[in-house]
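Novice: The following file, input05.txt, comprises compact mmCIF, C-alpha atoms:
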# COMPACT_ATOMS: atom_id res chain seq x y z
CA MET H 43 71.55 -15.88 -14.50
CA SER H 44 70.72 -19.46 -15.31
CA ALA H 45 70.48 -20.46 -18.93
CA ARG H 46 67.35 -22.36 -18.05
CA ARG H 47 64.21 -20.60 -19.18
CA PRO H 48 61.24 -22.76 -18.10
CA TYR H 49 57.84 -22.01 -19.54
CA HIS H 50 55.34 -20.83 -16.96
CA ARG H 51 51.78 -21.01 -18.09
CA GLN H 52 49.79 -18.01 -16.89
CA VAL H 53 47.13 -18.93 -14.35
CA THR H 54 44.27 -16.51 -13.76
CA GLY H 55 41.72 -16.52 -10.95
CA ARG H 56 39.21 -18.14 -13.30
CA TRP H 57 41.10 -21.41 -13.86
CA TRP H 58 38.40 -23.44 -12.08
CA LEU H 59 35.63 -22.42 -14.52
CA ARG H 60 36.97 -24.71 -17.27
CA ASN H 61 36.24 -28.00 -15.57
CA PRO H 62 32.95 -28.99 -13.87
CA PHE H 63 34.89 -30.93 -11.23
CA PHE H 64 36.72 -27.77 -10.17
CA VAL H 65 33.48 -25.77 -10.30
CA ARG H 66 31.96 -28.23 -7.82
CA TYR H 67 35.09 -27.86 -5.69
CA MET H 68 34.71 -24.08 -5.64
CA VAL H 69 30.97 -24.30 -4.88
CA ARG H 70 31.87 -26.54 -1.95
CA GLU H 71 34.48 -24.05 -0.76
CA ALA H 72 31.90 -21.25 -1.11
CA SER H 73 29.84 -23.01 1.57
CA SER H 74 32.46 -21.77 4.07
CA VAL H 75 31.10 -18.23 3.59
CA PHE H 76 27.72 -19.44 4.88
CA VAL H 77 29.39 -21.27 7.79
CA LEU H 78 31.08 -17.98 8.76
CA GLY H 79 27.80 -16.10 8.31
CA TYR H 80 25.91 -18.52 10.54
CA SER H 81 28.64 -18.30 13.17
CA LEU H 82 28.13 -14.51 13.16
CA VAL H 83 24.32 -14.93 13.33
CA LEU H 84 24.74 -17.12 16.42
CA LEU H 85 27.23 -14.64 17.94
CA ARG H 86 24.73 -11.82 17.34
CA GLY H 87 22.10 -13.94 19.10
CA LEU H 88 24.41 -14.49 22.07
CA TRP H 89 25.02 -10.72 22.21
CA ALA H 90 21.26 -10.09 22.16
CA LEU H 91 20.75 -12.70 24.86
CA ARG H 92 23.22 -10.89 27.13
CA ALA H 93 21.67 -7.49 26.30
CA GLY H 94 18.35 -8.65 27.79
CA PRO H 95 14.89 -9.99 26.90
CA ASP H 96 13.93 -7.03 24.66
CA ALA H 97 17.09 -7.25 22.55
CA TYR H 98 16.65 -11.01 22.31
CA ALA H 99 13.02 -10.65 21.19
CA ALA H 100 14.18 -8.21 18.48
CA TYR H 101 16.79 -10.77 17.37
CA LEU H 102 14.14 -13.51 17.07
CA ALA H 103 11.87 -11.12 15.15
CA ALA H 104 14.72 -10.32 12.73
CA LEU H 105 15.16 -14.05 12.08
CA GLN H 106 11.51 -14.14 10.95
CA SER H 107 12.00 -11.74 8.05
CA PRO H 108 11.50 -13.43 4.64
CA TRP H 109 15.07 -12.50 3.67
CA ALA H 110 16.53 -14.10 6.78
CA ILE H 111 14.56 -17.30 6.17
CA ALA H 112 15.57 -17.38 2.49
CA VAL H 113 19.27 -16.87 3.29
CA HIS H 114 19.10 -19.59 5.95
CA GLY H 115 17.48 -21.88 3.33
CA VAL H 116 20.34 -21.24 0.87
CA ALA H 117 22.87 -21.70 3.67
CA LEU H 118 21.22 -25.01 4.55
CA LEU H 119 21.62 -26.26 0.97
CA MET H 120 25.26 -25.12 0.74
CA VAL H 121 26.28 -26.51 4.13
CA GLY H 122 24.29 -29.68 3.37
CA TYR H 123 26.40 -30.08 0.22
CA HIS H 124 29.52 -29.71 2.38
CA THR H 125 28.17 -32.38 4.75
CA VAL H 126 27.37 -34.91 2.01
CA THR H 127 30.77 -34.49 0.34
CA PHE H 128 32.52 -34.49 3.74
CA LEU H 129 30.96 -37.82 4.66
CA SER H 130 31.64 -39.44 1.30
CA MET H 131 35.33 -38.49 1.23
CA THR H 132 36.19 -39.59 4.78
CA PRO H 133 37.10 -43.16 3.68
CA ARG H 134 39.70 -41.58 1.38
CA THR H 135 41.15 -39.20 3.96
CA MET H 136 41.19 -41.62 6.93
CA ARG H 137 42.33 -45.22 6.90
CA LEU H 138 40.51 -46.99 9.71
CA GLU H 139 41.35 -50.54 10.80
CA TRP H 140 39.47 -53.03 12.91
CA ARG H 141 41.32 -56.14 14.13
CA GLY H 142 44.09 -55.68 11.59
CA ARG H 143 41.78 -55.33 8.61
CA LYS H 144 40.99 -52.14 6.76
CA LEU H 145 37.37 -51.10 7.23
CA ALA H 146 35.32 -51.08 4.03
CA ASP H 147 34.48 -47.60 2.68
CA ARG H 148 30.82 -48.45 2.95
CA THR H 149 31.09 -49.33 6.65
CA ILE H 150 32.67 -45.94 7.44
CA VAL H 151 30.08 -43.99 5.44
CA VAL H 152 27.15 -45.88 6.99
CA ALA H 153 28.59 -45.30 10.48
CA GLU H 154 28.94 -41.59 9.71
CA TYR H 155 25.36 -41.27 8.53
CA ALA H 156 24.26 -43.08 11.70
CA ALA H 157 26.24 -40.51 13.75
CA LEU H 158 24.69 -37.69 11.72
CA ALA H 159 21.21 -39.11 12.36
CA ALA H 160 22.01 -39.32 16.10
CA VAL H 161 23.15 -35.66 16.19
CA CYS H 162 20.06 -34.55 14.24
CA GLY H 163 17.85 -36.61 16.59
CA LEU H 164 19.46 -35.00 19.63
CA VAL H 165 18.93 -31.47 18.28
CA ALA H 166 15.37 -32.28 17.18
CA ALA H 167 14.64 -33.62 20.68
CA GLY H 168 15.98 -30.34 22.10
CA PHE H 169 13.44 -28.51 19.93
CA GLY H 170 10.61 -30.76 21.12
CA VAL H 171 10.34 -32.67 17.84
CA LEU H 172 10.64 -36.51 18.09
CA MET R 1421 72.86 -19.05 9.68
CA ARG R 1422 69.75 -19.98 7.92
CA ARG R 1423 66.44 -19.26 9.63
CA TYR R 1424 63.63 -21.60 8.85
CA GLN R 1425 60.13 -20.32 8.44
CA ARG R 1426 57.72 -22.36 10.53
CA SER R 1427 54.36 -23.16 9.05
CA HIS R 1428 51.24 -22.01 10.84
CA GLU R 1429 49.40 -24.93 9.32
CA PRO R 1430 49.63 -27.57 12.15
CA VAL R 1431 48.08 -25.18 14.68
CA VAL R 1432 45.15 -24.01 12.60
CA TRP R 1433 44.66 -27.45 11.06
CA ALA R 1434 43.41 -28.83 14.41
CA LEU R 1435 40.87 -26.01 14.75
CA PHE R 1436 39.93 -26.36 11.07
CA GLY R 1437 39.44 -30.11 11.47
CA ALA R 1438 37.34 -29.82 14.62
CA GLY R 1439 35.32 -27.06 12.97
CA GLY R 1440 34.81 -29.30 9.95
CA MET R 1441 33.15 -31.89 12.15
CA VAL R 1442 30.89 -29.22 13.69
CA ALA R 1443 30.05 -27.80 10.25
CA ALA R 1444 29.30 -31.23 8.80
CA PHE R 1445 27.36 -32.85 11.63
CA LEU R 1446 25.75 -30.02 13.60
CA LEU R 1447 25.30 -26.89 11.48
CA PRO R 1448 22.74 -28.17 8.91
CA VAL R 1449 20.27 -29.31 11.57
CA LEU R 1450 20.86 -26.17 13.67
CA MET R 1451 20.28 -23.94 10.62
CA LEU R 1452 17.12 -25.90 9.81
CA PHE R 1453 15.66 -25.28 13.28
CA THR R 1454 16.90 -21.79 14.20
CA GLY R 1455 16.82 -20.34 10.68
CA VAL R 1456 13.81 -22.00 9.03
CA LEU R 1457 11.48 -24.11 11.19
CA VAL R 1458 11.22 -21.84 14.26
CA PRO R 1459 10.99 -18.54 12.28
CA LEU R 1460 8.27 -20.08 10.08
CA GLY R 1461 6.36 -21.18 13.17
CA ILE R 1462 6.48 -24.86 12.18
CA VAL R 1463 8.31 -25.56 15.44
CA ASP R 1464 7.09 -23.81 18.61
CA SER R 1465 9.05 -20.57 19.11
CA ALA R 1466 9.00 -21.23 22.88
CA THR R 1467 11.88 -23.66 22.22
CA LEU R 1468 14.06 -20.59 21.59
CA SER R 1469 12.54 -18.49 24.38
CA TYR R 1470 14.77 -16.10 26.32
CA ALA R 1471 14.53 -18.10 29.56
CA ARG R 1472 15.27 -21.42 27.84
CA VAL R 1473 18.27 -20.23 25.82
CA GLN R 1474 19.56 -18.28 28.83
CA ALA R 1475 19.38 -21.43 30.98
CA PHE R 1476 21.21 -23.39 28.28
CA ALA R 1477 24.02 -20.82 28.01
CA GLU R 1478 24.31 -20.54 31.83
CA HIS R 1479 25.04 -24.25 32.21
CA TRP R 1480 28.79 -24.95 31.94
CA LEU R 1481 28.27 -27.63 29.28
CA GLY R 1482 25.82 -25.48 27.34
CA GLY R 1483 28.21 -22.54 27.47
CA LEU R 1484 31.02 -24.76 26.20
CA VAL R 1485 28.79 -25.94 23.33
CA VAL R 1486 27.88 -22.34 22.43
CA VAL R 1487 31.53 -21.18 22.37
CA GLY R 1488 32.57 -24.39 20.60
CA VAL R 1489 29.99 -24.12 17.83
CA ILE R 1490 30.53 -20.39 17.20
CA GLY R 1491 34.34 -20.46 17.55
CA LEU R 1492 35.12 -23.69 15.68
CA SER R 1493 32.72 -22.81 12.83
CA ALA R 1494 34.54 -19.48 12.47
CA TRP R 1495 38.01 -21.12 12.43
CA HIS R 1496 36.85 -23.73 9.94
CA ALA R 1497 35.22 -21.21 7.61
CA LEU R 1498 38.02 -18.63 7.73
CA HIS R 1499 40.74 -21.24 7.20
CA ARG R 1500 38.95 -22.32 4.04
CA ILE R 1501 38.30 -18.72 2.97
CA PHE R 1502 42.02 -17.98 3.46
CA HIS R 1503 42.99 -20.84 1.13
CA SER R 1504 40.14 -20.30 -1.35
CA LEU R 1505 41.23 -16.70 -1.85
CA ASN R 1506 44.62 -18.14 -2.73
CA ASP R 1507 42.88 -20.41 -5.28
CA LEU R 1508 41.22 -17.30 -6.70
CA LYS R 1509 44.69 -15.76 -7.11
CA VAL R 1510 44.04 -13.05 -4.54
CA GLY R 1511 47.44 -11.90 -3.33
CA ALA R 1512 48.26 -9.95 -0.16
CA ARG R 1513 49.06 -13.14 1.73
CA ARG R 1514 50.14 -11.49 5.00
CA LEU R 1515 47.15 -9.15 5.13
CA ARG R 1516 44.82 -12.00 4.17
CA PHE R 1517 46.37 -14.13 6.93
CA MET R 1518 45.92 -11.42 9.56
CA LEU R 1519 42.34 -10.66 8.51
CA CYS R 1520 41.16 -14.30 8.31
CA TYR R 1521 42.76 -15.73 11.44
CA GLY R 1522 42.40 -12.44 13.33
CA LEU R 1523 38.65 -12.46 12.69
CA ALA R 1524 38.43 -16.13 13.74
CA ALA R 1525 40.26 -15.36 16.99
CA ALA R 1526 38.11 -12.27 17.60
CA ILE R 1527 34.86 -14.23 17.10
CA THR R 1528 36.05 -16.95 19.49
CA VAL R 1529 37.11 -14.46 22.17
CA ALA R 1530 33.84 -12.51 21.78
CA ALA R 1531 31.79 -15.70 22.19
CA GLY R 1532 33.84 -16.70 25.25
CA VAL R 1533 33.48 -13.28 26.88
CA LEU R 1534 29.71 -13.18 26.20
CA VAL R 1535 29.20 -16.65 27.66
CA LEU R 1536 31.23 -15.84 30.78
CA ALA R 1537 29.62 -12.40 31.23
CA ALA R 1538 26.54 -13.81 32.89
Once more with this new file: its structure as structure tokens, please.
Specialist:
Amino acid sequence: MSARRPYHRQVTGRWWLRNPFFVRYMVREASSVFVLGYSLVLLRGLWALRAGPDAYAAYLAALQSPWAIAVHGVALLMVGYHTVTFLSMTPRTMRLEWRGRKLADRTIVVAEYAALAAVCGLVAAGFGVL
Amino acid sequence: MRRYQRSHEPVVWALFGAGGMVAAFLLPVLMLFTGVLVPLGIVDSATLSYARVQAFAEHWLGGLVVVGVIGLSAWHALHRIFHSLNDLKVGARRLRFMLCYGLAAAITVAAGVLVLAA
């Protein structure tokens, strides 16, 4: 036995509630539940697609229920929060250089939003909008 | 002789990172169209018709996109859920590991099988 008796402060599962910064962190992490849910919704759609036109029509009809639309709306807000924070922290997680000089944070973020706009434009074009 | 425990982190980090890109750039706009605009009838529901989606999934690139979006989203989400449960002081690390990454692998395999089973 060592004579050393360090003090360990007890940490409970509610540690993050004390500080708004950590609450925002946990809200951001909670968005992963909606990412998983949407992945399962798409997988269910793929299953219905393979099961045939009738099963697929039932899948599309289920997506039209008010609950489904509401949950997708909440998921959109949560995953949108993940996107905004993801794009704003990239300059801090990646150091990008161009001709030996570090790129300005602003340049990286603007480029990311341009890429996001391009992806959104591509998907919108696929859905006949734009 | 001492046996070193290898971390699983480098392997799943790649899938988590790729999934993070999908979740950040692609999922919001996909959710907006498939979950809100088409169900509400704001966008023509023919854009998600059986024939159209079937043709998309039949194409090799479309099939790859379908498996990529479903699989990488699952890896990304479950990696974060695995670590967030740790933040919430949920124990049972081994069981949590098996459940999270097992489900991610199962979702990916299921998507791959369904795409290939034309």
Novice: Would you work out the distance separating atom CA of Leu1446 of chain R from atom CA of Tyr67 of chain H, expressed in Å to one decimal?
Specialist: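 Atom CA of Tyr67 of chain H lies at a distance of 21.5 Å from atom CA of Leu1446 of chain R.
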Novice: Just the residues within 7 Å of segment 1490-1507 of chain R, please, counting all atoms listed in the file, with nothing from its chain fewer than 4 positions along; format it as a PyMOL selection string.
Specialist: (chain H and resi 55+71+74-75+77-78+81+84-85) or (chain R and resi 1435-1436+1438-1440+1442-1443+1486+1511+1516-1517+1520-1521+1524+1527-1528+1531)
Novice: Mind giving me the straight-line distance from atom CA of Met131 of chain H to atom CA of Val152 of chain H in Å, one decimal?
Specialist: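 Value for the atom CA of Met131 of chain H-atom CA of Val152 of chain H distance: 12.4 Å.
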Novice: State, in Å with one decimal place, the distance from atom CA of Thr125 of chain H to atom CA of Leu1508 of chain R.
Specialist: 23.0 Å
Novice: Could you produce a table of the residues of segment 1454-1504 of chain R lying within 12 Å of segment 92-100 of chain H, with the nearest pair of atoms per residue and their separation in Å rounded to one decimal, using all atoms listed in the file, ordered by chain and increasing residue number, as CSV?
Specialist:
residue,atom,partner,partner_atom,distance
R:Ser1465,CA,H:Ala99,CA,10.9
R:Ala1466,CA,H:Ala99,CA,11.4
R:Leu1468,CA,H:Tyr98,CA,10.0
R:Ser1469,CA,H:Ala99,CA,8.5
R:Tyr1470,CA,H:Pro95,CA,6.1
R:Ala1471,CA,H:Pro95,CA,8.5
R:Arg1472,CA,H:Pro95,CA,11.5
R:Val1473,CA,H:Tyr98,CA,10.0
R:Gln1474,CA,H:Arg92,CA,8.4
R:Ala1475,CA,H:Arg92,CA,11.9
R:Ala1477,CA,H:Arg92,CA,10.0
R:Glu1478,CA,H:Arg92,CA,10.8
Novice: Taking all atoms listed in the file into account, name the residue in R:Thr1454, R:Gln1425, R:Trp1433, R:Arg1514 that is nearest to chain H.
Specialist: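 Answer, going by the shortest atom-to-atom distance: R:Thr1454.
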Novice: May I ask which of the residues H:Thr135, H:Arg56, H:Leu172, H:Tyr49 is the closest one to chain R, counting only C-alpha atoms?
Specialist: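 Nearest candidate to chain R out of H:Thr135, H:Arg56, H:Leu172, H:Tyr49: H:Arg56.
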Novice: Can you pull out the residues contacting Pro1459 of chain R? Cut-off 12 Å, using only C-alpha atoms, and skip same-chain residues under 3 positions away; I want them as a list in words.
Specialist: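 Near Pro1459 of chain R, the qualifying residues are Tyr101, Leu102, Ala103, Ala104, Leu105, Gln106, Ser107, Pro108, Trp109, Ala110, Ile111, Ala112, His114 and Gly115 of chain H; Met1451, Leu1452, Phe1453, Thr1454, Gly1455, Val1456, Ile1462, Val1463, Asp1464, Ser1465, Ala1466, Thr1467 and Leu1468 of chain R.
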Novice: Would you list the residues near (38.2, -41.6, 3.5), meaning any protein, DNA or RNA residue with an atom at most 12 Å from that point in file coordinates, counting all atoms listed in the file, as a compact mmCIF listing (two decimals) with C-alpha atoms, keeping the file's coordinate frame?
Specialist:
# COMPACT_ATOMS: atom_id res chain seq x y z
CA THR H 127 30.77 -34.49 0.34
CA PHE H 128 32.52 -34.49 3.74
CA LEU H 129 30.96 -37.82 4.66
CA SER H 130 31.64 -39.44 1.30
CA MET H 131 35.33 -38.49 1.23
CA THR H 132 36.19 -39.59 4.78
CA PRO H 133 37.10 -43.16 3.68
CA ARG H 134 39.70 -41.58 1.38
CA THR H 135 41.15 -39.20 3.96
CA MET H 136 41.19 -41.62 6.93
CA ARG H 137 42.33 -45.22 6.90
CA LEU H 138 40.51 -46.99 9.71
CA GLU H 139 41.35 -50.54 10.80
CA LYS H 144 40.99 -52.14 6.76
CA LEU H 145 37.37 -51.10 7.23
CA ALA H 146 35.32 -51.08 4.03
CA ASP H 147 34.48 -47.60 2.68
CA ARG H 148 30.82 -48.45 2.95
CA THR H 149 31.09 -49.33 6.65
CA ILE H 150 32.67 -45.94 7.44
CA VAL H 151 30.08 -43.99 5.44
CA GLU H 154 28.94 -41.59 9.71
Novice: Between R:Val1431, R:Ala1525, R:Val1458, R:Val1485, which residue has the minimum interatomic distance to chain H, considering all atoms listed in the file?
Specialist: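 With all atoms listed in the file as the atom set, the closest residue is R:Val1458.
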Novice: For a quick check of understanding, using all atoms listed in the file, which of R:Ala1512, R:Ala1444, R:Val1489, R:Leu1523 has the smallest distance to Leu118 of chain H?
Specialist: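 When distances to Leu118 of chain H are compared using all atoms listed in the file, the smallest one comes from R:Ala1444.
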Novice: Counting all atoms listed in the file, which residue out of R:Leu1536, R:Leu1519, R:Val1487, R:Val1449 sits closest to Leu82 of chain H?
Specialist: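 Checking each candidate against Leu82 of chain H, we get R:Val1487 as the closest.
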Novice: Can you work out which one of R:His1479, R:Arg1426, R:Phe1445, R:Gly1522 has the shortest atom-to-atom distance to chain H, counting only C-alpha atoms?
Specialist: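 The shortest atom-to-atom distance to chain H comes from R:Phe1445.
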Novice: Using all atoms listed in the file, what residues lie at most 10 Å away from (24.1, -32.3, 24.4) (file coordinates), given as a PDB file with C-alpha atoms, keeping the file's coordinate frame?
Specialist:
ATOM      1  CA  VAL H 161      23.150 -35.660  16.190  1.00  0.00           C
ATOM      2  CA  LEU H 164      19.460 -35.000  19.630  1.00  0.00           C
ATOM      3  CA  VAL H 165      18.930 -31.470  18.280  1.00  0.00           C
ATOM      4  CA  GLY H 168      15.980 -30.340  22.100  1.00  0.00           C
TER       5      GLY H 168
ATOM      6  CA  LEU R1481      28.270 -27.630  29.280  1.00  0.00           C
ATOM      7  CA  GLY R1482      25.820 -25.480  27.340  1.00  0.00           C
ATOM      8  CA  VAL R1485      28.790 -25.940  23.330  1.00  0.00           C
TER       9      VAL R1485
END
